[in-house]
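Taking it in order: structure first as structure tokens, then the write-up.
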Amino acid sequence: MIRSVVQGCGSYLPERVVTNADLAKTMDTSDEWIQQRTGIRQRHIAADGELTSHLALKASERALAHAGLKASDLDLIVLATATPDETFPATATRVQAALGMTGGAAFDVQAVCAGFVYGLSVADSLIKTGLASTALVIGAETFSRILDWNDRGTCVLFGDGAGAVVLRAEEGKGTTADRGVLANALHSDGRQHDILYVDGGPSSTQTTGFLRMEGKEVFKHAVVNMAAVVGEVLAKAGFETKDIDWLVPHQANKRIIDSTGRKLGLPPERVVVTVDRHANTSAASIPLALDAAVKDGRIKKNDLLLLEGIGGGLAWGASLVRW
Ligand code: UT7
């Protein structure tokens with residue numbers, strides 16, 4: 001049985017760090033409020049002229065180097081983003097050109113904060129069906145560009161960044177001991193549009209628009225849907241919660257992460273948290289967290305990882321990966 005095995009990972013954060021105290025200088029907020037409600041202490045913000053594709057490129061170069069592969073080895077790029085450089089073409093094609101990759105296919109996936117899990121599932125499916133053999137899956141965002149900096153209820157929550165993994169087709173035994181992506185579960189519910197969306201777009205307003213969110217409503221759905229999808233993906237692969245080595249969740253809010261960890265019965269040391277340093281970087285948050293825990297030595301070869309995320313749509317999903 002063909003498995004999509006992770007060969008390497010990488011990430012990139014813009015240089016500029018904006019702390020909660022920095023924000024409190026220009027708006028009616030406080031470090032205490034932000035930390036208590038979300039666990040966020042700081043976020044990285046892209047420089048003028050630094051685009052999603054630039055962040056994605058740097059993360060991709062690092063992932064390829066970590067994998068010991070070259071751009072010419074790739075035959076697929078799936079880039080998850082809700083903040084593309086342009087309406088079209090896909091930002092993935094900008095990355096493809098910048099990497100010097102001339103063959104294969106490159107396209108974007110749009111599932112906002114669930115984007116990385118969606119992108120991983122799409123790439124895994126294309127590898128398993130033989131349409132691709134070596135894939136770069138990227139989550140990259142410049143959410144600072146779609147924030148209403150006069151809305152303190154949303155602008156303090158997000159940051160910019162990118163993360164990437166390289167997947168390669170390998171023959172597995174078809175057992176739970178195989179390395180690679182072992183199961184995926186994806187969901188969306190378009191009826192929940194109004195609780196998290198951007199109030200602009202090429203077809204509606206011909207403007208980019210700003211992020212709008214009813215935080216409390218999103219919070220409620222996040223807690224319920226994360227618990228359900230995590231149970232679903234574990235059952236699909238024949239695992240129990242005790243088998244999980246690491247929970248690598250979407251980093252929106254420390255309270256949502258803690259709630260999912262508690263429901264799984266995982267001790268906090270087994271949950272990767274970067275929301276304090278990165279804030280919510282949407283599709284980039286999972287690969288950023290993953291890369292941090294791989295590079296500091298916590299995540300090791302053969303560990304069982306549970307990735308999960310939810311965002312606008314609503315769209316949500318989970319993946320089980322043996323590293
Ligand atoms: O990645 C996509 C998924 N997104 C999420 O998972 C986000 C989920 N939601 C949340 O994380 C939380 O709902 C928030 C962190 C966004 C907000 O926390 P909350 O406990 O739901 O607060 P709230 O929006 O109900 O606001 C409580 C109070 C309000 O004041 P009053 O009406 O009680 O006087 C707000 O005006 O806090 C006020 N407030 C702030 N105060 C200081 C809102 N934003 C701020 C702020 N600084 N930045």
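Letters A, B, ... go to the chains of the structure tokens in the order shown; residues in each chain start at 1; ligands are counted from 1 in the same order.
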Return as a PyMOL selection string every polymer residue, whether protein, DNA or RNA, with at least one atom no more than 8 Å from an atom of ligand 1; count only C-alpha atoms and all ligand atoms.
chain A and resi 28-30+33-34+37-38+112-113+151-157+196+213-220+222+250-253+255-256+280-282+309-312
Where in segment 44-271 of chain A does DSSP assign strand (DSSP E), given as a ChimeraX atom specification?
/A:44-45,76-80,105-109,134-142,160-171,180-188,196-198,211-213,246-249
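Proximity to Leu306 of chain A was assessed for A:Asp245, A:Arg277, A:Arg262, A:Leu23 counting only C-alpha atoms; the smallest distance is recorded for A:Asp245.
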Write out as a list of chain:residue names which residues come within 7 Å of Val5 of chain A when counting only C-alpha atoms, dropping same-chain ones fewer than 4 positions away.
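After dropping sequence-adjacent residues, the list is A:Leu167, A:Arg168, A:Ala169, A:Glu170, A:Arg179, A:Gly180, A:Val181.
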Could you pull the residues within 7 Å of Ala82 of chain A, counting only C-alpha atoms, minus those fewer than 2 positions along the same chain, as a PDB file with C-alpha atoms, in the first residue's frame?
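See result.pdb below for the written result:
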ATOM      1  CA  PRO A  84      -3.008  34.701  -1.841  1.00  0.00           C
ATOM      2  CA  GLN A 110      -8.693  27.449   0.346  1.00  0.00           C
ATOM      3  CA  VAL A 112      -8.761  29.055   5.866  1.00  0.00           C
ATOM      4  CA  GLU A 141      -0.596  33.464   5.265  1.00  0.00           C
TER       5      GLU A 141
END
Using only C-alpha atoms, determine which residues lie at most 7 Å from Asp160 of chain A, disregarding the query and same-chain residues fewer than 4 positions distant; provide the list as a list of chain:residue names.
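Skipping anything fewer than 4 positions along the chain leaves A:Leu13, A:His44, A:Ile45, A:Ala46, A:Glu141, A:Thr142, A:Phe143, A:Ser144, A:Thr281.
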